[in-house]
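As provided, coords25.tsv (TSV, C-alpha atoms) reads as follows.
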chain	number	residue	atom	x	y	z
A	1	MET	CA	-8.23	77.06	-45.50
A	2	ALA	CA	-10.45	76.48	-48.48
A	3	THR	CA	-11.15	73.71	-51.01
A	4	PHE	CA	-11.62	74.46	-54.72
A	5	GLN	CA	-12.58	71.72	-57.17
A	6	LYS	CA	-13.06	71.67	-60.92
A	7	GLU	CA	-13.42	69.01	-63.61
A	8	ILE	CA	-11.97	69.36	-67.10
A	9	THR	CA	-12.00	67.16	-70.19
A	10	LEU	CA	-9.00	66.85	-72.47
A	11	ASN	CA	-8.77	65.16	-75.83
A	12	ALA	CA	-5.71	63.02	-76.37
A	13	SER	CA	-5.31	62.40	-80.06
A	14	GLN	CA	-2.94	59.43	-79.97
A	15	ARG	CA	-0.64	57.36	-77.73
A	16	GLY	CA	1.89	59.76	-76.20
A	17	THR	CA	2.40	62.62	-73.75
A	18	PHE	CA	0.62	65.97	-73.63
A	19	ASN	CA	1.84	68.84	-71.42
A	20	ILE	CA	-1.02	69.95	-69.15
A	21	THR	CA	0.97	72.11	-66.72
A	22	GLU	CA	-0.49	75.40	-67.97
A	23	ALA	CA	-4.06	74.08	-67.96
A	24	ILE	CA	-3.64	73.05	-64.31
A	25	GLN	CA	-1.93	76.34	-63.38
A	26	ASN	CA	-4.98	78.16	-64.75
A	27	ILE	CA	-7.20	76.26	-62.31
A	28	VAL	CA	-4.85	77.05	-59.41
A	29	SER	CA	-5.04	80.74	-60.39
A	30	GLU	CA	-8.84	80.56	-60.59
A	31	SER	CA	-8.94	79.05	-57.08
A	32	GLY	CA	-7.20	82.07	-55.58
A	33	ILE	CA	-5.27	79.78	-53.23
A	34	GLN	CA	-1.74	81.02	-52.48
A	35	THR	CA	-0.20	78.27	-50.30
A	36	GLY	CA	-1.24	74.63	-50.34
A	37	LEU	CA	-1.59	71.62	-52.59
A	38	CYS	CA	-3.08	70.89	-56.00
A	39	HIS	CA	-4.29	67.35	-56.66
A	40	VAL	CA	-4.86	66.24	-60.26
A	41	PHE	CA	-6.74	62.97	-60.78
A	42	ILE	CA	-7.54	61.15	-64.02
A	43	GLN	CA	-10.82	59.20	-64.06
A	44	HIS	CA	-9.62	56.41	-66.36
A	45	THR	CA	-7.62	53.18	-66.27
A	46	SER	CA	-5.85	53.38	-69.64
A	47	ALA	CA	-4.33	56.89	-69.52
A	48	SER	CA	-2.20	58.24	-66.69
A	49	LEU	CA	-0.36	61.32	-65.40
A	50	ILE	CA	3.41	61.70	-65.24
A	51	ILE	CA	5.90	64.33	-64.15
A	52	THR	CA	9.01	64.42	-66.30
A	53	GLU	CA	11.41	66.75	-68.10
A	54	ASN	CA	9.61	69.51	-69.96
A	55	ALA	CA	12.40	70.69	-72.24
A	56	ASP	CA	13.78	68.03	-74.55
A	57	PRO	CA	11.06	66.00	-76.34
A	58	THR	CA	13.45	63.05	-76.79
A	59	VAL	CA	12.97	62.32	-73.07
A	60	ARG	CA	9.32	61.48	-73.70
A	61	GLN	CA	10.20	59.56	-76.87
A	62	ASP	CA	12.65	57.45	-74.87
A	63	ILE	CA	10.02	56.92	-72.15
A	64	GLU	CA	7.64	55.61	-74.81
A	65	TYR	CA	10.41	53.37	-76.21
A	66	TRP	CA	11.04	51.88	-72.75
A	67	MET	CA	7.31	51.49	-72.02
A	68	SER	CA	6.68	49.69	-75.32
A	69	LYS	CA	9.59	47.36	-74.63
A	70	THR	CA	8.67	46.66	-70.97
A	71	VAL	CA	4.88	46.39	-71.28
A	72	THR	CA	4.33	44.46	-74.50
A	73	ASP	CA	1.26	45.25	-76.60
A	74	GLY	CA	-0.68	42.16	-77.62
A	75	ASP	CA	1.15	39.72	-75.36
A	76	GLN	CA	-0.27	36.29	-76.22
A	77	ASN	CA	-0.75	35.54	-72.52
A	78	TYR	CA	-3.12	38.45	-71.88
A	79	ARG	CA	-6.72	37.34	-71.45
A	80	HIS	CA	-8.13	40.87	-71.54
A	81	ASN	CA	-7.80	42.00	-75.17
A	82	TYR	CA	-11.35	42.93	-76.15
A	83	GLU	CA	-10.41	46.38	-77.37
A	84	GLY	CA	-7.23	45.38	-79.17
A	85	ASP	CA	-3.52	44.88	-78.61
A	86	ASP	CA	-3.20	48.16	-76.68
A	87	ASP	CA	-6.03	47.34	-74.23
A	88	MET	CA	-4.28	45.38	-71.47
A	89	SER	CA	-0.89	47.05	-71.95
A	90	ALA	CA	-2.61	50.41	-71.33
A	91	HIS	CA	-3.93	49.15	-67.97
A	92	ILE	CA	-0.46	47.95	-66.93
A	93	ARG	CA	1.21	51.20	-68.04
A	94	CYS	CA	-1.24	53.03	-65.75
A	95	LEU	CA	-0.29	50.78	-62.86
A	96	ILE	CA	3.42	51.60	-63.01
A	97	THR	CA	2.94	55.32	-63.66
A	98	ASP	CA	0.30	57.34	-61.72
A	99	MET	CA	-3.43	58.03	-61.71
A	100	SER	CA	-2.91	61.27	-59.79
A	101	HIS	CA	-0.26	63.74	-58.78
A	102	THR	CA	-0.24	66.16	-55.87
A	103	LEU	CA	1.77	69.33	-56.48
A	104	PRO	CA	2.76	72.05	-54.02
A	105	VAL	CA	1.28	75.54	-54.52
A	106	THR	CA	3.40	78.49	-53.39
A	107	ARG	CA	2.50	82.16	-53.88
A	108	GLY	CA	-0.36	81.06	-56.14
A	109	ARG	CA	1.84	79.03	-58.49
A	110	LEU	CA	2.51	75.31	-58.95
A	111	ASN	CA	5.88	75.01	-57.25
A	112	LEU	CA	7.56	72.68	-59.73
A	113	GLY	CA	11.26	72.41	-60.43
A	114	THR	CA	12.62	74.26	-63.46
A	115	TRP	CA	12.68	71.16	-65.63
A	116	GLN	CA	9.44	69.55	-64.43
A	117	GLY	CA	6.24	69.38	-66.42
A	118	LEU	CA	2.98	67.54	-65.75
A	119	PHE	CA	1.85	65.42	-68.69
A	120	LEU	CA	-1.22	63.42	-69.60
A	121	TYR	CA	0.14	60.11	-70.87
A	122	GLU	CA	-2.35	58.51	-73.26
A	123	HIS	CA	-1.67	54.77	-73.50
A	124	ARG	CA	-4.34	53.81	-76.02
A	125	THR	CA	-3.52	54.19	-79.71
A	126	GLY	CA	-6.87	55.79	-80.59
A	127	ARG	CA	-8.46	59.14	-79.76
A	128	PHE	CA	-10.18	59.49	-76.38
A	129	ASN	CA	-11.71	62.16	-74.17
A	130	ARG	CA	-10.06	62.07	-70.74
A	131	ASN	CA	-11.71	63.59	-67.68
A	132	LEU	CA	-9.65	65.10	-64.85
A	133	VAL	CA	-10.73	66.19	-61.38
A	134	VAL	CA	-8.55	69.00	-60.00
A	135	THR	CA	-8.74	69.85	-56.29
A	136	VAL	CA	-6.83	72.75	-54.69
A	137	GLN	CA	-6.65	73.05	-50.90
A	138	GLY	CA	-4.91	75.75	-48.89
A	139	ASP	CA	-4.94	79.36	-47.81
B	1	MET	CA	-7.13	73.61	-40.33
B	2	ALA	CA	-3.80	75.12	-41.24
B	3	THR	CA	-1.19	74.80	-44.00
B	4	PHE	CA	2.54	74.79	-43.23
B	5	GLN	CA	5.11	74.71	-46.03
B	6	LYS	CA	8.89	74.55	-46.05
B	7	GLU	CA	11.60	73.87	-48.63
B	8	ILE	CA	14.77	71.96	-47.84
B	9	THR	CA	17.83	71.00	-49.89
B	10	LEU	CA	19.57	67.66	-49.50
B	11	ASN	CA	22.84	66.52	-50.99
B	12	ALA	CA	22.86	63.03	-52.45
B	13	SER	CA	26.42	61.90	-52.83
B	14	GLN	CA	25.90	59.01	-55.25
B	15	ARG	CA	23.29	56.73	-56.85
B	16	GLY	CA	21.35	55.06	-54.05
B	17	THR	CA	18.85	55.57	-51.25
B	18	PHE	CA	19.04	58.02	-48.32
B	19	ASN	CA	16.65	57.81	-45.35
B	20	ILE	CA	14.91	61.20	-44.94
B	21	THR	CA	12.18	60.13	-42.49
B	22	GLU	CA	13.66	62.01	-39.55
B	23	ALA	CA	14.27	65.18	-41.59
B	24	ILE	CA	10.59	65.17	-42.63
B	25	GLN	CA	9.40	64.37	-39.08
B	26	ASN	CA	11.27	67.46	-37.88
B	27	ILE	CA	9.24	69.62	-40.29
B	28	VAL	CA	5.99	68.02	-39.14
B	29	SER	CA	6.98	68.80	-35.53
B	30	GLU	CA	7.84	72.39	-36.48
B	31	SER	CA	4.40	72.77	-38.11
B	32	GLY	CA	2.62	71.97	-34.84
B	33	ILE	CA	-0.03	70.03	-36.78
B	34	GLN	CA	-1.37	67.02	-34.87
B	35	THR	CA	-3.79	65.33	-37.31
B	36	GLY	CA	-3.58	65.57	-41.08
B	37	LEU	CA	-1.30	64.89	-44.02
B	38	CYS	CA	2.32	65.59	-44.91
B	39	HIS	CA	3.18	65.90	-48.61
B	40	VAL	CA	6.82	65.62	-49.67
B	41	PHE	CA	7.66	66.66	-53.24
B	42	ILE	CA	10.99	66.49	-55.07
B	43	GLN	CA	11.58	69.23	-57.65
B	44	HIS	CA	13.65	67.11	-60.04
B	45	THR	CA	13.21	64.51	-62.79
B	46	SER	CA	16.23	62.29	-62.11
B	47	ALA	CA	15.86	61.59	-58.38
B	48	SER	CA	12.69	60.29	-56.72
B	49	LEU	CA	11.10	59.38	-53.38
B	50	ILE	CA	10.29	55.85	-52.23
B	51	ILE	CA	8.79	54.19	-49.17
B	52	THR	CA	10.36	50.85	-48.37
B	53	GLU	CA	11.74	48.72	-45.53
B	54	ASN	CA	13.87	50.73	-43.16
B	55	ALA	CA	15.64	47.91	-41.34
B	56	ASP	CA	17.69	45.61	-43.56
B	57	PRO	CA	19.92	47.50	-46.05
B	58	THR	CA	19.94	44.51	-48.41
B	59	VAL	CA	16.35	45.45	-49.38
B	60	ARG	CA	17.62	48.67	-50.93
B	61	GLN	CA	20.58	46.88	-52.50
B	62	ASP	CA	18.18	44.42	-54.15
B	63	ILE	CA	15.96	47.30	-55.29
B	64	GLU	CA	18.99	48.88	-56.97
B	65	TYR	CA	19.88	45.50	-58.53
B	66	TRP	CA	16.37	45.18	-60.00
B	67	MET	CA	16.30	48.80	-61.17
B	68	SER	CA	19.66	48.48	-62.95
B	69	LYS	CA	18.46	45.30	-64.64
B	70	THR	CA	15.04	46.65	-65.64
B	71	VAL	CA	15.99	50.20	-66.67
B	72	THR	CA	19.25	49.78	-68.57
B	73	ASP	CA	21.86	52.54	-68.36
B	74	GLY	CA	23.20	53.62	-71.74
B	75	ASP	CA	20.65	51.70	-73.83
B	76	GLN	CA	21.75	52.22	-77.44
B	77	ASN	CA	18.19	53.14	-78.41
B	78	TYR	CA	17.95	56.14	-76.07
B	79	ARG	CA	18.14	59.44	-77.92
B	80	HIS	CA	18.48	61.52	-74.75
B	81	ASN	CA	22.01	60.83	-73.47
B	82	TYR	CA	23.60	64.30	-73.25
B	83	GLU	CA	24.63	63.89	-69.63
B	84	GLY	CA	25.88	60.30	-69.87
B	85	ASP	CA	24.67	56.73	-69.63
B	86	ASP	CA	22.71	57.44	-66.42
B	87	ASP	CA	20.78	60.40	-67.89
B	88	MET	CA	17.78	58.77	-69.55
B	89	SER	CA	17.66	55.79	-67.20
B	90	ALA	CA	17.33	58.25	-64.28
B	91	HIS	CA	14.26	59.83	-65.91
B	92	ILE	CA	12.63	56.40	-66.41
B	93	ARG	CA	13.43	55.29	-62.85
B	94	CYS	CA	11.60	58.42	-61.63
B	95	LEU	CA	8.58	57.54	-63.75
B	96	ILE	CA	8.09	54.10	-62.19
B	97	THR	CA	8.82	55.24	-58.62
B	98	ASP	CA	7.36	58.52	-57.27
B	99	MET	CA	7.99	62.27	-57.37
B	100	SER	CA	6.02	62.77	-54.15
B	101	HIS	CA	4.56	60.90	-51.23
B	102	THR	CA	1.70	61.88	-48.96
B	103	LEU	CA	1.95	60.52	-45.42
B	104	PRO	CA	-0.64	60.54	-42.63
B	105	VAL	CA	0.11	62.62	-39.53
B	106	THR	CA	-1.36	61.38	-36.24
B	107	ARG	CA	-0.71	62.94	-32.82
B	108	GLY	CA	2.00	65.09	-34.39
B	109	ARG	CA	3.95	62.15	-35.84
B	110	LEU	CA	4.27	60.64	-39.33
B	111	ASN	CA	1.99	57.62	-38.99
B	112	LEU	CA	4.16	55.10	-40.82
B	113	GLY	CA	4.21	51.36	-40.31
B	114	THR	CA	6.93	49.91	-38.10
B	115	TRP	CA	9.07	48.86	-41.06
B	116	GLN	CA	8.45	51.83	-43.35
B	117	GLY	CA	10.98	54.53	-44.11
B	118	LEU	CA	10.88	57.41	-46.59
B	119	PHE	CA	13.95	57.55	-48.80
B	120	LEU	CA	15.39	59.93	-51.36
B	121	TYR	CA	16.42	57.72	-54.27
B	122	GLU	CA	19.19	59.39	-56.26
B	123	HIS	CA	19.31	57.90	-59.77
B	124	ARG	CA	22.25	59.85	-61.17
B	125	THR	CA	25.74	58.51	-60.49
B	126	GLY	CA	27.20	61.93	-59.59
B	127	ARG	CA	26.66	64.31	-56.67
B	128	PHE	CA	23.62	66.60	-56.80
B	129	ASN	CA	21.71	69.01	-54.58
B	130	ARG	CA	18.04	67.98	-54.45
B	131	ASN	CA	15.32	70.40	-53.42
B	132	LEU	CA	12.18	69.19	-51.62
B	133	VAL	CA	8.94	71.07	-50.88
B	134	VAL	CA	7.21	69.79	-47.75
B	135	THR	CA	3.58	70.77	-47.09
B	136	VAL	CA	1.69	69.81	-43.92
B	137	GLN	CA	-2.08	70.35	-43.72
B	138	GLY	CA	-4.35	69.57	-40.81
B	139	ASP	CA	-5.43	70.53	-37.32
C	1	MET	CA	-12.43	72.73	-43.64
C	2	ALA	CA	-12.09	69.68	-41.45
C	3	THR	CA	-9.83	66.63	-41.13
C	4	PHE	CA	-11.23	63.17	-40.41
C	5	GLN	CA	-8.93	60.20	-39.84
C	6	LYS	CA	-9.56	56.53	-39.23
C	7	GLU	CA	-7.49	53.34	-39.23
C	8	ILE	CA	-8.81	50.00	-40.47
C	9	THR	CA	-7.33	46.53	-40.71
C	10	LEU	CA	-8.00	44.22	-43.62
C	11	ASN	CA	-7.12	40.57	-44.01
C	12	ALA	CA	-5.69	39.59	-47.36
C	13	SER	CA	-5.93	35.85	-47.74
C	14	GLN	CA	-3.45	35.33	-50.60
C	15	ARG	CA	-1.42	37.08	-53.29
C	16	GLY	CA	-3.84	39.08	-55.41
C	17	THR	CA	-6.18	42.07	-55.53
C	18	PHE	CA	-9.08	42.90	-53.21
C	19	ASN	CA	-11.60	45.65	-54.01
C	20	ILE	CA	-11.71	48.11	-51.09
C	21	THR	CA	-13.65	50.93	-52.77
C	22	GLU	CA	-16.79	50.41	-50.74
C	23	ALA	CA	-14.90	50.15	-47.44
C	24	ILE	CA	-13.24	53.50	-48.17
C	25	GLN	CA	-16.52	55.08	-49.32
C	26	ASN	CA	-18.02	54.13	-45.96
C	27	ILE	CA	-15.30	56.13	-44.19
C	28	VAL	CA	-15.88	59.12	-46.47
C	29	SER	CA	-19.59	58.94	-45.62
C	30	GLU	CA	-18.80	58.71	-41.91
C	31	SER	CA	-16.60	61.83	-42.20
C	32	GLY	CA	-19.50	63.91	-43.47
C	33	ILE	CA	-17.13	65.74	-45.83
C	34	GLN	CA	-18.79	66.73	-49.12
C	35	THR	CA	-15.96	68.28	-51.19
C	36	GLY	CA	-12.29	67.48	-50.76
C	37	LEU	CA	-9.80	64.66	-50.85
C	38	CYS	CA	-9.54	61.17	-49.38
C	39	HIS	CA	-6.05	59.77	-48.76
C	40	VAL	CA	-5.63	56.03	-48.26
C	41	PHE	CA	-2.27	54.84	-46.94
C	42	ILE	CA	-1.03	51.29	-46.36
C	43	GLN	CA	1.40	50.83	-43.45
C	44	HIS	CA	3.41	48.00	-45.02
C	45	THR	CA	6.17	47.40	-47.54
C	46	SER	CA	4.99	44.15	-49.11
C	47	ALA	CA	1.37	45.00	-50.02
C	48	SER	CA	0.29	48.05	-52.00
C	49	LEU	CA	-2.73	49.96	-53.34
C	50	ILE	CA	-3.72	50.20	-56.99
C	51	ILE	CA	-6.45	51.81	-59.05
C	52	THR	CA	-7.53	49.74	-62.01
C	53	GLU	CA	-10.56	48.45	-63.90
C	54	ASN	CA	-13.29	47.21	-61.60
C	55	ALA	CA	-15.39	45.23	-64.06
C	56	ASP	CA	-13.54	42.40	-65.80
C	57	PRO	CA	-11.48	40.23	-63.40
C	58	THR	CA	-9.14	39.18	-66.24
C	59	VAL	CA	-7.58	42.66	-66.03
C	60	ARG	CA	-6.27	41.86	-62.55
C	61	GLN	CA	-5.25	38.36	-63.63
C	62	ASP	CA	-3.20	39.89	-66.47
C	63	ILE	CA	-1.69	42.43	-64.07
C	64	GLU	CA	-0.56	39.54	-61.85
C	65	TYR	CA	0.82	37.72	-64.91
C	66	TRP	CA	2.88	40.79	-65.91
C	67	MET	CA	4.03	41.40	-62.34
C	68	SER	CA	5.21	37.81	-61.89
C	69	LYS	CA	7.10	38.01	-65.18
C	70	THR	CA	8.68	41.42	-64.52
C	71	VAL	CA	9.52	41.07	-60.83
C	72	THR	CA	10.83	37.54	-60.49
C	73	ASP	CA	10.16	35.64	-57.25
C	74	GLY	CA	13.27	34.00	-55.82
C	75	ASP	CA	15.77	35.71	-58.14
C	76	GLN	CA	19.14	34.14	-57.28
C	77	ASN	CA	20.71	37.60	-57.08
C	78	TYR	CA	18.44	38.84	-54.27
C	79	ARG	CA	20.24	39.04	-50.94
C	80	HIS	CA	17.05	39.69	-48.94
C	81	ASN	CA	15.18	36.36	-48.94
C	82	TYR	CA	14.69	35.62	-45.23
C	83	GLU	CA	10.93	35.13	-45.54
C	84	GLY	CA	10.97	33.15	-48.76
C	85	ASP	CA	10.93	33.60	-52.54
C	86	ASP	CA	8.12	36.17	-52.37
C	87	ASP	CA	9.89	38.39	-49.81
C	88	MET	CA	12.04	40.67	-51.96
C	89	SER	CA	9.75	40.55	-55.00
C	90	ALA	CA	6.93	41.87	-52.76
C	91	HIS	CA	9.06	44.89	-51.80
C	92	ILE	CA	9.84	45.66	-55.46
C	93	ARG	CA	6.18	45.25	-56.51
C	94	CYS	CA	5.32	47.88	-53.87
C	95	LEU	CA	7.92	50.23	-55.29
C	96	ILE	CA	6.47	50.25	-58.80
C	97	THR	CA	2.83	50.39	-57.66
C	98	ASP	CA	1.75	52.73	-54.80
C	99	MET	CA	1.73	52.89	-51.03
C	100	SER	CA	-1.09	55.44	-51.04
C	101	HIS	CA	-3.71	56.96	-53.29
C	102	THR	CA	-5.45	60.29	-53.00
C	103	LEU	CA	-8.97	60.36	-54.41
C	104	PRO	CA	-11.27	63.33	-55.03
C	105	VAL	CA	-14.45	63.58	-52.95
C	106	THR	CA	-17.44	65.30	-54.59
C	107	ARG	CA	-20.93	65.59	-53.05
C	108	GLY	CA	-19.84	63.16	-50.35
C	109	ARG	CA	-18.76	60.43	-52.75
C	110	LEU	CA	-15.38	59.19	-54.03
C	111	ASN	CA	-15.31	60.82	-57.46
C	112	LEU	CA	-13.88	57.89	-59.42
C	113	GLY	CA	-14.40	57.14	-63.08
C	114	THR	CA	-17.04	54.59	-64.01
C	115	TRP	CA	-14.51	51.79	-64.50
C	116	GLN	CA	-12.15	52.63	-61.64
C	117	GLY	CA	-11.84	50.63	-58.44
C	118	LEU	CA	-9.38	50.92	-55.56
C	119	PHE	CA	-7.73	47.61	-54.70
C	120	LEU	CA	-5.47	46.30	-51.99
C	121	TYR	CA	-2.77	44.36	-53.83
C	122	GLU	CA	-1.30	41.68	-51.55
C	123	HIS	CA	2.13	40.66	-52.86
C	124	ARG	CA	3.01	38.01	-50.29
C	125	THR	CA	1.73	34.49	-50.90
C	126	GLY	CA	0.59	33.96	-47.29
C	127	ARG	CA	-2.17	35.46	-45.18
C	128	PHE	CA	-1.53	38.85	-43.57
C	129	ASN	CA	-3.37	41.57	-41.69
C	130	ARG	CA	-2.87	44.90	-43.45
C	131	ASN	CA	-3.41	48.22	-41.69
C	132	LEU	CA	-4.64	51.29	-43.58
C	133	VAL	CA	-4.80	54.92	-42.44
C	134	VAL	CA	-7.59	56.86	-44.17
C	135	THR	CA	-7.61	60.66	-43.99
C	136	VAL	CA	-10.40	62.82	-45.43
C	137	GLN	CA	-9.95	66.60	-45.68
C	138	GLY	CA	-12.43	69.12	-47.02
C	139	ASP	CA	-15.67	70.95	-46.43
As structure tokens, please, write out the structure in this file.
Amino acid sequence: MATFQKEITLNASQRGTFNITEAIQNIVSESGIQTGLCHVFIQHTSASLIITENADPTVRQDIEYWMSKTVTDGDQNYRHNYEGDDDMSAHIRCLITDMSHTLPVTRGRLNLGTWQGLFLYEHRTGRFNRNLVVTVQGD
Amino acid sequence: MATFQKEITLNASQRGTFNITEAIQNIVSESGIQTGLCHVFIQHTSASLIITENADPTVRQDIEYWMSKTVTDGDQNYRHNYEGDDDMSAHIRCLITDMSHTLPVTRGRLNLGTWQGLFLYEHRTGRFNRNLVVTVQGD
Amino acid sequence: MATFQKEITLNASQRGTFNITEAIQNIVSESGIQTGLCHVFIQHTSASLIITENADPTVRQDIEYWMSKTVTDGDQNYRHNYEGDDDMSAHIRCLITDMSHTLPVTRGRLNLGTWQGLFLYEHRTGRFNRNLVVTVQGD
């Protein structure tokens, strides 16, 4: 068994989801690992990682609709609002989604279901660089 | 260290939770690994995996009550509703629960707490086959 | 590659968040592993683990505000309330946060972002011992 680790920086241009499946597959390919696990970790607390349907973009629009409704921007009861109305809501959105995902690797490929994609979910409304640490372990 | 990987298909007969702890333990036993981690991944975007109390079934009934209340089926604002009122809500339920869990393995057994069970949580109201990829890594 | 595993018990004195980053770093250091992954698992169903901002305590106060609002204590529709109003809400809070986190290890250190901390999130209002299983795998 071997461990392969690489850091990458992505630029998320606005609140919303960005498909990073291919970028992560490229790192798995670079690792040469055929059977094992790929762990993707985001080093932030206001952007997260989600797995959801990769085909119909209305799925991600509806996710954003539900998120906006459930985690209110600019709630008057938030104390932490130094960076604006999307500051504290971004932290809470991270909490109920995920800071990392672990994906199976089989025959050198991310072994996702047909309809699954891995997305960076930017929760801030501005433009940010987001750093990921990708670790692949296996044979 | 070694990697062991196996895919299994389960049939979830309706919306609700199904205890899969023993099915996963059987794969850990088959792997022969004594100390390490077991990763269980579901290859879908409308059924998820949860860890919760394994004893009193009212816990899972209350979870379903809260889920139904918090993630509305057939919300008029959803755009993605091709497969019915439970289509988009199933995707959102997956987002706030988990697509995979990683469990410690100790002396060849899943090292769960006394009251913890691993459950497949089917979010669609129909009957579906659900494919899991189980990866065990360790010594 | 090697696997290192250790169990620790923490005492959470009340509902709220407790920074455990340093306690976990100490286990990573003890493992001697330089590059790999650290998996932290909580063996309970009414306390969970979260990654969030480590600097301003109002972030965690606002998280608790949102949690209390979104997952009602003592909801009259809960059937599972044997241990009080915080019993079932604690189980649901666990469901939408996380029972484990996997963190990258780089040059012998948890490779977290500058503002990230790992916290035990106690959801019961009493005092409980909470057992964690920490597994480090890598080179």
How big is the axis-aligned box around all listed atoms of range 3-11 of chain C once 4 Å goes on each side, and where's its centre, in Å to one decimal, as lines of an AutoDock Vina configuration file?
center_x = -9.2
center_y = 53.6
center_z = -41.6
size_x = 12.1
size_y = 34.1
size_z = 12.8
- [ ] Mind giving me the straight-line distance from CA of Leu103 in chain C to CA of Asn19 in chain B in Å, one decimal?
- [x]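 Computed distance, CA of Leu103 in chain C to CA of Asn19 in chain B, equals 27.3 Å.
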Open item on the list: Between CA of Asp73 in chain A and CA of Ser46 in chain C, what distance in Å does the model show, to one decimal?
Closed with: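 If I compute the distance from CA of Asp73 in chain A to CA of Ser46 in chain C, I get 27.8 Å.
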Open item on the list: Just the number, please: distance in Å from CA of Thr102 in chain B to CA of Val40 in chain B, one decimal.
Closed with: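 Distance reported for this atom pair: 6.4 Å.
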Considering all atoms listed in the file, tabulate each residue of chain A that lies at most 12 Å from chain C along with its nearest interatomic pair and the corresponding distance in Å to one decimal; arrange the rows by chain and ascending residue number and present them as a Markdown table.
| residue | atom | partner | partner_atom | distance |
| --- | --- | --- | --- | --- |
| A:Met1 | CA | C:Met1 | CA | 6.3 |
| A:Ala2 | CA | C:Met1 | CA | 6.4 |
| A:Thr3 | CA | C:Gly138 | CA | 6.2 |
| A:Phe4 | CA | C:Gly36 | CA | 8.1 |
| A:Gln5 | CA | C:Thr35 | CA | 7.7 |
| A:Lys6 | CA | C:Thr106 | CA | 10.0 |
| A:Glu7 | CA | C:Asn111 | CA | 10.4 |
| A:Leu37 | CA | C:Leu37 | CA | 10.9 |
| A:Cys38 | CA | C:Leu37 | CA | 10.5 |
| A:His39 | CA | C:Thr102 | CA | 8.0 |
| A:Val40 | CA | C:Pro104 | CA | 8.8 |
| A:Phe41 | CA | C:Leu103 | CA | 7.2 |
| A:Ile42 | CA | C:Gly113 | CA | 8.0 |
| A:Gln43 | CA | C:Gly113 | CA | 4.2 |
| A:His44 | CA | C:Gly113 | CA | 5.8 |
| A:Thr45 | CA | C:Thr52 | CA | 5.5 |
| A:Ser46 | CA | C:Thr52 | CA | 8.6 |
| A:Ala47 | CA | C:Thr52 | CA | 10.9 |
| A:Ser48 | CA | C:Ile51 | CA | 10.9 |
| A:Lys69 | CA | C:Thr70 | CA | 11.8 |
| A:Thr70 | CA | C:Thr70 | CA | 8.3 |
| A:Val71 | CA | C:Trp66 | CA | 8.0 |
| A:Thr72 | CA | C:Trp66 | CA | 9.5 |
| A:Asp73 | CA | C:Trp66 | CA | 11.7 |
| A:Gly74 | CA | C:Asp62 | CA | 11.7 |
| A:Asp75 | CA | C:Trp66 | CA | 9.7 |
| A:Gln76 | CA | C:Asp62 | CA | 10.8 |
| A:Asn77 | CA | C:Asp62 | CA | 7.8 |
| A:Tyr78 | CA | C:Asp62 | CA | 5.6 |
| A:Arg79 | CA | C:Thr58 | CA | 6.0 |
| A:His80 | CA | C:Thr58 | CA | 5.7 |
| A:Asn81 | CA | C:Val59 | CA | 9.2 |
| A:Tyr82 | CA | C:Asp56 | CA | 10.6 |
| A:Asp87 | CA | C:Val59 | CA | 9.6 |
| A:Met88 | CA | C:Val59 | CA | 6.9 |
| A:Ser89 | CA | C:Ile63 | CA | 9.2 |
| A:Ala90 | CA | C:Thr52 | CA | 10.6 |
| A:His91 | CA | C:Thr52 | CA | 7.0 |
| A:Ile92 | CA | C:Ile63 | CA | 6.3 |
| A:Arg93 | CA | C:Ile63 | CA | 10.1 |
| A:Cys94 | CA | C:Thr52 | CA | 8.0 |
| A:Leu95 | CA | C:Thr97 | CA | 6.1 |
| A:Ile96 | CA | C:Ile96 | CA | 5.4 |
| A:Thr97 | CA | C:Thr97 | CA | 7.8 |
| A:Asp98 | CA | C:Thr97 | CA | 8.4 |
| A:Met99 | CA | C:Ile51 | CA | 7.4 |
| A:Ser100 | CA | C:Thr102 | CA | 7.3 |
| A:His101 | CA | C:Thr102 | CA | 8.5 |
| A:Thr102 | CA | C:Thr102 | CA | 8.4 |
| A:Arg130 | CA | C:Gly113 | CA | 10.1 |
| A:Asn131 | CA | C:Gly113 | CA | 8.4 |
| A:Leu132 | CA | C:Gly113 | CA | 9.4 |
| A:Val133 | CA | C:Pro104 | CA | 7.0 |
| A:Val134 | CA | C:Pro104 | CA | 8.0 |
| A:Thr135 | CA | C:Gly36 | CA | 7.0 |
| A:Val136 | CA | C:Gly36 | CA | 8.5 |
| A:Gln137 | CA | C:Gly36 | CA | 7.9 |
| A:Gly138 | CA | C:Met1 | CA | 9.7 |
| A:Asp139 | CA | C:Met1 | CA | 10.8 |
Task: Polymer residues at most 10 Å from Ser29 in chain C, only C-alpha atoms, same-chain spacing of 3 or more positions, as a PyMOL selection string - done: chain C and resi 24-26+32-34+108-110+136
